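To be precise, the following lines are coords_5.csv, and they hold CSV, N, CA and C atoms.
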```csv
chain,number,residue,atom,x,y,z
A,101,MET,N,0.8,-1.2,0.0
A,101,MET,CA,0.0,0.0,0.0
A,101,MET,C,0.9,1.2,0.0
A,102,LEU,N,0.7,2.1,-0.9
A,102,LEU,CA,1.5,3.3,-1.0
A,102,LEU,C,0.9,4.5,-0.3
A,103,LEU,N,-0.4,4.6,-0.3
A,103,LEU,CA,-1.1,5.8,0.2
A,103,LEU,C,-2.5,5.5,0.6
A,104,ARG,N,-3.0,6.1,1.7
A,104,ARG,CA,-4.4,5.9,2.1
A,104,ARG,C,-4.8,7.2,2.8
A,105,ASN,N,-6.0,7.6,2.4
A,105,ASN,CA,-6.6,8.7,3.1
A,105,ASN,C,-8.1,8.5,3.0
A,106,LYS,N,-8.9,9.6,3.4
A,106,LYS,CA,-10.3,9.3,3.4
A,106,LYS,C,-11.0,9.3,2.1
A,107,TYR,N,-10.3,9.6,1.0
A,107,TYR,CA,-10.8,9.6,-0.3
A,107,TYR,C,-10.5,8.4,-1.2
A,108,TYR,N,-9.3,7.9,-1.0
A,108,TYR,CA,-8.8,6.8,-1.8
A,108,TYR,C,-7.7,6.0,-1.2
A,109,ILE,N,-7.5,4.8,-1.7
A,109,ILE,CA,-6.4,3.9,-1.2
A,109,ILE,C,-5.6,3.6,-2.5
A,110,VAL,N,-4.3,3.7,-2.4
A,110,VAL,CA,-3.5,3.4,-3.6
A,110,VAL,C,-2.6,2.2,-3.2
A,111,ILE,N,-2.8,1.1,-4.0
A,111,ILE,CA,-2.1,-0.1,-3.8
A,111,ILE,C,-1.3,-0.3,-5.1
A,112,TYR,N,0.0,-0.5,-4.9
A,112,TYR,CA,0.9,-0.7,-6.1
A,112,TYR,C,1.6,-2.0,-5.9
A,113,ARG,N,1.4,-2.9,-6.9
A,113,ARG,CA,2.0,-4.2,-6.8
A,113,ARG,C,2.9,-4.3,-8.0
A,114,GLY,N,4.2,-4.2,-7.8
A,114,GLY,CA,5.1,-4.2,-8.9
A,114,GLY,C,6.5,-4.5,-8.4
A,115,LYS,N,7.5,-4.0,-9.1
A,115,LYS,CA,8.9,-4.3,-8.7
A,115,LYS,C,9.1,-3.4,-7.4
A,116,ASP,N,10.4,-3.4,-7.0
A,116,ASP,CA,10.8,-2.7,-5.8
A,116,ASP,C,10.9,-1.2,-6.0
A,117,PHE,N,10.8,-0.8,-7.2
A,117,PHE,CA,10.9,0.6,-7.5
A,117,PHE,C,9.5,1.2,-7.9
A,118,LEU,N,9.3,2.5,-7.8
A,118,LEU,CA,8.1,3.1,-8.1
A,118,LEU,C,8.3,4.0,-9.4
A,119,PRO,N,7.6,3.7,-10.5
A,119,PRO,CA,7.8,4.4,-11.7
A,119,PRO,C,7.6,5.9,-11.4
A,120,SER,N,8.3,6.8,-12.2
A,120,SER,CA,8.1,8.2,-12.0
A,120,SER,C,6.7,8.7,-12.3
A,121,SER,N,6.0,8.1,-13.2
A,121,SER,CA,4.7,8.5,-13.5
A,121,SER,C,3.7,8.2,-12.3
A,122,VAL,N,3.9,7.1,-11.7
A,122,VAL,CA,3.1,6.8,-10.5
A,122,VAL,C,3.4,7.7,-9.4
A,123,ALA,N,4.7,8.0,-9.1
A,123,ALA,CA,5.1,8.9,-8.1
A,123,ALA,C,4.6,10.3,-8.3
A,124,ALA,N,4.6,10.7,-9.5
A,124,ALA,CA,4.1,12.1,-9.9
A,124,ALA,C,2.6,12.1,-9.6
A,125,THR,N,1.9,11.1,-10.0
A,125,THR,CA,0.5,11.1,-9.8
A,125,THR,C,0.1,11.1,-8.3
A,126,LEU,N,0.9,10.3,-7.6
A,126,LEU,CA,0.6,10.3,-6.1
A,126,LEU,C,0.9,11.6,-5.5
A,127,ALA,N,2.0,12.3,-5.9
A,127,ALA,CA,2.3,13.6,-5.3
A,127,ALA,C,1.2,14.6,-5.7
A,128,GLU,N,0.7,14.5,-6.9
A,128,GLU,CA,-0.4,15.4,-7.4
A,128,GLU,C,-1.6,15.1,-6.5
A,129,ARG,N,-2.0,13.9,-6.3
A,129,ARG,CA,-3.2,13.5,-5.6
A,129,ARG,C,-3.0,14.0,-4.1
A,130,GLN,N,-1.8,13.8,-3.5
A,130,GLN,CA,-1.6,14.2,-2.2
A,130,GLN,C,-1.8,15.7,-2.0
A,131,GLU,N,-1.3,16.5,-3.0
A,131,GLU,CA,-1.4,17.9,-2.9
A,131,GLU,C,-2.9,18.3,-3.1
A,132,LEU,N,-3.6,17.6,-4.0
A,132,LEU,CA,-5.0,17.9,-4.2
A,132,LEU,C,-5.8,17.6,-2.9
A,133,THR,N,-5.5,16.5,-2.2
A,133,THR,CA,-6.1,16.1,-1.0
A,133,THR,C,-5.9,17.1,0.1
A,134,LYS,N,-4.6,17.6,0.2
A,134,LYS,CA,-4.3,18.6,1.2
A,134,LYS,C,-5.1,19.9,0.9
A,135,GLU,N,-5.2,20.3,-0.3
A,135,GLU,CA,-6.0,21.5,-0.6
A,135,GLU,C,-7.4,21.3,-0.2
A,136,ILE,N,-8.0,20.2,-0.5
A,136,ILE,CA,-9.4,19.9,-0.2
A,136,ILE,C,-9.6,19.9,1.3
A,137,GLN,N,-8.6,19.3,2.1
A,137,GLN,CA,-8.7,19.4,3.5
A,137,GLN,C,-8.6,20.8,4.1
A,138,ASP,N,-7.7,21.6,3.5
A,138,ASP,CA,-7.6,23.0,3.9
A,138,ASP,C,-8.9,23.7,3.7
A,139,VAL,N,-9.5,23.5,2.5
A,139,VAL,CA,-10.8,24.2,2.3
A,139,VAL,C,-11.9,23.7,3.3
A,140,GLU,N,-11.9,22.5,3.5
A,140,GLU,CA,-12.9,21.9,4.5
A,140,GLU,C,-12.7,22.5,5.9
A,141,GLU,N,-11.4,22.7,6.3
A,141,GLU,CA,-11.1,23.2,7.6
A,141,GLU,C,-11.5,24.7,7.6
A,142,ARG,N,-11.2,25.5,6.6
A,142,ARG,CA,-11.6,26.9,6.5
A,142,ARG,C,-13.1,27.0,6.6
A,143,VAL,N,-13.8,26.2,5.9
A,143,VAL,CA,-15.3,26.3,5.9
A,143,VAL,C,-15.8,25.9,7.3
A,144,ARG,N,-15.2,24.9,7.9
A,144,ARG,CA,-15.7,24.5,9.2
A,144,ARG,C,-15.4,25.6,10.2
A,145,ASN,N,-14.3,26.2,10.2
A,145,ASN,CA,-13.9,27.4,11.1
A,145,ASN,C,-14.9,28.5,10.8
A,146,ARG,N,-15.2,28.8,9.6
A,146,ARG,CA,-16.1,29.9,9.2
A,146,ARG,C,-17.5,29.6,9.8
A,147,GLU,N,-17.9,28.4,9.7
A,147,GLU,CA,-19.2,28.0,10.2
A,147,GLU,C,-19.3,28.1,11.8
A,148,ILE,N,-18.2,27.7,12.4
A,148,ILE,CA,-18.1,27.8,13.8
A,148,ILE,C,-18.1,29.3,14.3
A,149,GLU,N,-17.4,30.1,13.6
A,149,GLU,CA,-17.3,31.6,13.9
A,149,GLU,C,-18.7,32.2,13.7
A,150,ALA,N,-19.5,31.8,12.7
A,150,ALA,CA,-20.8,32.3,12.4
A,150,ALA,C,-21.8,31.9,13.5
A,151,VAL,N,-21.6,30.8,14.1
A,151,VAL,CA,-22.5,30.3,15.2
A,151,VAL,C,-22.2,30.9,16.5
A,152,GLN,N,-20.9,31.2,16.8
A,152,GLN,CA,-20.5,31.8,18.1
A,152,GLN,C,-21.1,33.2,18.3
A,153,PRO,N,-21.4,33.5,19.5
A,153,PRO,CA,-21.8,34.9,19.8
A,153,PRO,C,-20.7,35.9,19.6
A,154,VAL,N,-21.0,37.1,19.3
A,154,VAL,CA,-20.0,38.1,19.0
A,154,VAL,C,-19.0,38.4,20.2
A,155,GLY,N,-19.5,38.4,21.4
A,155,GLY,CA,-18.7,38.6,22.6
A,155,GLY,C,-17.8,37.5,22.9
A,156,ASP,N,-18.1,36.3,22.4
A,156,ASP,CA,-17.3,35.1,22.8
A,156,ASP,C,-16.2,34.9,21.7
A,157,LYS,N,-15.0,35.1,22.1
A,157,LYS,CA,-13.9,34.9,21.1
A,157,LYS,C,-13.0,33.7,21.4
A,158,VAL,N,-13.5,32.7,22.1
A,158,VAL,CA,-12.8,31.5,22.4
A,158,VAL,C,-12.9,30.6,21.2
A,159,PRO,N,-11.8,30.2,20.6
A,159,PRO,CA,-11.9,29.3,19.4
A,159,PRO,C,-12.4,27.9,19.8
A,160,ALA,N,-13.2,27.4,19.0
A,160,ALA,CA,-13.7,26.0,19.3
A,160,ALA,C,-12.7,25.0,18.9
A,161,GLU,N,-12.5,24.0,19.7
A,161,GLU,CA,-11.5,23.0,19.4
A,161,GLU,C,-12.1,21.6,19.1
A,162,ALA,N,-13.4,21.6,19.0
A,162,ALA,CA,-14.1,20.3,18.8
A,162,ALA,C,-13.7,19.7,17.5
A,163,GLY,N,-13.2,18.5,17.6
A,163,GLY,CA,-12.8,17.7,16.4
A,163,GLY,C,-11.4,18.1,15.9
A,164,THR,N,-10.6,18.8,16.6
A,164,THR,CA,-9.3,19.2,16.2
A,164,THR,C,-8.2,18.3,16.8
A,165,LEU,N,-7.0,18.4,16.2
A,165,LEU,CA,-5.9,17.7,16.7
A,165,LEU,C,-5.5,18.1,18.1
A,166,ALA,N,-5.7,19.4,18.4
A,166,ALA,CA,-5.4,19.9,19.8
A,166,ALA,C,-6.3,19.3,20.8
A,167,GLU,N,-7.6,19.1,20.4
A,167,GLU,CA,-8.5,18.5,21.3
A,167,GLU,C,-8.1,17.1,21.6
A,168,PHE,N,-7.7,16.4,20.6
A,168,PHE,CA,-7.3,15.0,20.7
A,168,PHE,C,-6.1,14.9,21.7
A,169,TYR,N,-5.1,15.8,21.5
A,169,TYR,CA,-3.9,15.7,22.4
A,169,TYR,C,-4.3,16.1,23.8
A,170,GLU,N,-5.2,17.0,24.0
A,170,GLU,CA,-5.6,17.4,25.3
A,170,GLU,C,-6.4,16.2,26.0
A,171,ALA,N,-7.2,15.5,25.2
A,171,ALA,CA,-7.9,14.4,25.8
A,171,ALA,C,-6.9,13.3,26.1
A,172,GLN,N,-6.0,13.0,25.3
A,172,GLN,CA,-4.9,12.0,25.6
A,172,GLN,C,-4.2,12.4,26.9
A,173,ALA,N,-3.8,13.6,27.0
A,173,ALA,CA,-3.1,14.1,28.2
A,173,ALA,C,-4.0,13.9,29.5
A,174,ARG,N,-5.3,14.2,29.3
A,174,ARG,CA,-6.1,14.2,30.5
A,174,ARG,C,-6.6,12.7,30.9
A,175,TRP,N,-7.0,12.0,29.9
A,175,TRP,CA,-7.6,10.7,30.1
A,175,TRP,C,-6.8,9.5,29.6
A,176,GLY,N,-5.7,9.8,28.9
A,176,GLY,CA,-4.9,8.7,28.3
A,176,GLY,C,-4.3,7.8,29.3
A,177,LYS,N,-4.0,6.6,28.9
A,177,LYS,CA,-3.5,5.6,29.8
A,177,LYS,C,-2.0,5.9,30.0
A,178,GLU,N,-1.5,6.1,31.2
A,178,GLU,CA,-0.1,6.2,31.5
A,178,GLU,C,0.5,4.9,31.5
A,179,ILE,N,1.6,4.8,30.8
A,179,ILE,CA,2.4,3.5,30.8
A,179,ILE,C,3.6,3.7,31.6
A,180,THR,N,3.7,2.9,32.7
A,180,THR,CA,4.8,2.9,33.6
A,180,THR,C,6.0,2.2,32.9
A,181,PRO,N,7.2,2.5,33.4
A,181,PRO,CA,8.4,1.7,32.8
A,181,PRO,C,8.3,0.2,33.0
A,182,ASP,N,7.7,-0.2,34.2
A,182,ASP,CA,7.5,-1.7,34.4
A,182,ASP,C,6.6,-2.3,33.4
A,183,HIS,N,5.5,-1.6,33.1
A,183,HIS,CA,4.5,-2.0,32.2
A,183,HIS,C,5.1,-2.1,30.8
A,184,ARG,N,5.9,-1.0,30.5
A,184,ARG,CA,6.5,-1.0,29.1
A,184,ARG,C,7.4,-2.2,29.0
A,185,GLU,N,8.2,-2.5,30.0
A,185,GLU,CA,9.1,-3.7,29.9
A,185,GLU,C,8.3,-5.0,29.7
A,186,LYS,N,7.2,-5.1,30.5
A,186,LYS,CA,6.3,-6.3,30.3
A,186,LYS,C,5.8,-6.4,28.9
A,187,MET,N,5.4,-5.3,28.3
A,187,MET,CA,4.9,-5.3,27.0
A,187,MET,C,5.9,-5.7,26.0
A,188,ILE,N,7.2,-5.2,26.2
A,188,ILE,CA,8.3,-5.6,25.3
A,188,ILE,C,8.6,-7.0,25.4
A,189,GLU,N,8.6,-7.6,26.6
A,189,GLU,CA,8.9,-9.0,26.8
A,189,GLU,C,7.8,-9.8,26.2
A,190,GLU,N,6.5,-9.4,26.3
A,190,GLU,CA,5.4,-10.2,25.8
A,190,GLU,C,5.5,-10.2,24.2
A,191,ALA,N,5.8,-9.0,23.7
A,191,ALA,CA,6.0,-9.0,22.2
A,191,ALA,C,7.1,-9.9,21.7
A,192,SER,N,8.2,-9.9,22.5
A,192,SER,CA,9.3,-10.8,22.2
A,192,SER,C,8.9,-12.2,22.2
A,193,ARG,N,8.2,-12.6,23.3
A,193,ARG,CA,7.7,-14.0,23.4
A,193,ARG,C,6.8,-14.4,22.3
A,194,VAL,N,5.9,-13.5,21.9
A,194,VAL,CA,5.0,-13.8,20.8
A,194,VAL,C,5.8,-13.9,19.5
A,195,ALA,N,6.8,-13.1,19.2
A,195,ALA,CA,7.6,-13.2,18.0
A,195,ALA,C,8.4,-14.5,18.0
A,196,ASN,N,8.9,-14.8,19.2
A,196,ASN,CA,9.7,-16.1,19.2
A,196,ASN,C,8.8,-17.3,19.0
A,197,ALA,N,7.6,-17.3,19.6
A,197,ALA,CA,6.6,-18.4,19.4
A,197,ALA,C,6.3,-18.5,17.9
A,198,ARG,N,6.1,-17.4,17.2
A,198,ARG,CA,5.8,-17.4,15.8
A,198,ARG,C,6.9,-18.0,15.0
A,199,VAL,N,8.2,-17.7,15.3
A,199,VAL,CA,9.3,-18.2,14.6
A,199,VAL,C,9.4,-19.7,14.9
A,200,VAL,N,9.2,-20.2,16.1
A,200,VAL,CA,9.2,-21.6,16.5
A,200,VAL,C,8.1,-22.3,15.7
A,201,LYS,N,6.9,-21.8,15.7
A,201,LYS,CA,5.8,-22.4,15.0
A,201,LYS,C,6.1,-22.6,13.5
A,202,ARG,N,6.7,-21.5,12.9
A,202,ARG,CA,7.1,-21.6,11.5
A,202,ARG,C,8.1,-22.7,11.2
A,203,ILE,N,9.1,-22.8,12.1
A,203,ILE,CA,10.2,-23.8,11.9
A,203,ILE,C,9.6,-25.2,12.1
A,204,GLN,N,8.7,-25.3,13.1
A,204,GLN,CA,8.1,-26.6,13.3
A,204,GLN,C,7.3,-27.0,12.0
A,205,HIS,N,6.6,-26.1,11.5
A,205,HIS,CA,5.8,-26.4,10.2
A,205,HIS,C,6.7,-26.8,9.1
A,206,LYS,N,7.9,-26.1,9.0
A,206,LYS,CA,8.8,-26.5,7.9
A,206,LYS,C,9.4,-27.9,8.2
A,207,LEU,N,9.7,-28.2,9.4
A,207,LEU,CA,10.2,-29.5,9.8
A,207,LEU,C,9.1,-30.6,9.5
A,208,ASN,N,7.9,-30.3,9.8
A,208,ASN,CA,6.8,-31.3,9.5
A,208,ASN,C,6.7,-31.5,8.0
A,209,LEU,N,6.9,-30.5,7.2
A,209,LEU,CA,6.8,-30.7,5.7
A,209,LEU,C,8.0,-31.5,5.2
A,210,VAL,N,9.2,-31.3,5.8
A,210,VAL,CA,10.4,-32.1,5.4
A,210,VAL,C,10.3,-33.5,5.8
A,211,SER,N,9.8,-33.8,7.0
A,211,SER,CA,9.8,-35.1,7.6
A,211,SER,C,8.7,-36.0,7.0
A,212,ARG,N,7.7,-35.5,6.3
A,212,ARG,CA,6.7,-36.3,5.7
A,212,ARG,C,7.3,-37.2,4.6
A,213,PRO,N,6.7,-38.4,4.6
A,213,PRO,CA,7.2,-39.4,3.5
A,213,PRO,C,6.8,-38.8,2.2
A,214,PHE,N,7.7,-39.0,1.2
A,214,PHE,CA,7.4,-38.5,-0.1
A,214,PHE,C,6.8,-39.6,-0.9
A,215,CYS,N,5.6,-39.4,-1.4
A,215,CYS,CA,4.9,-40.4,-2.2
A,215,CYS,C,4.5,-39.8,-3.5
A,216,PHE,N,4.5,-40.7,-4.5
A,216,PHE,CA,4.0,-40.3,-5.8
A,216,PHE,C,2.6,-40.7,-6.1
```
Just dump the structure as structure tokens.
Amino acid sequence: MLLRNKYYIVIYRGKDFLPSSVAATLAERQELTKEIQDVEERVRNREIEAVQPVGDKVPAEAGTLAEFYEAQARWGKEITPDHREKMIEEASRVANARVVKRIQHKLNLVSRPFCF
């Protein structure tokens, strides 16, 4: 997958390189998407300003990245160093188990009797 946003998903299945025509098209689409998002944000801000009373100059943060960060800071789950170490160990155990399972599968394939 090369690119994903709310309008489209670009999946490219090819060699290890990306042709210049595909790269140029992707860059063009990303720029277009950024422009569309900027226009949507300006329209949303204009609508919010139109709804707010004249005396109230507090900018609305509903649905913004700043609101997300504030919520994460206020209610987000704090990860202690001990918990982080446990998560790393668990991830390592799962990865090792996956490798062992893959090796066992290969050994089972090799040890099967070969019949025609």
Distance atom N of A:Glu190-atom CA of A:Asn208, one decimal place?
->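 Interatomic distance, atom N of A:Glu190 to atom CA of A:Asn208: 27.6 Å.
Taking atom CA of A:Arg142 and atom CA of A:Ala124 as endpoints, the distance between them is 27.1 Å.
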Quick one: distance from atom N of A:His205 to atom CA of A:Ala191 in Å, one decimal?
->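 About the pair atom N of A:His205 and atom CA of A:Ala191: they are 20.2 Å apart.
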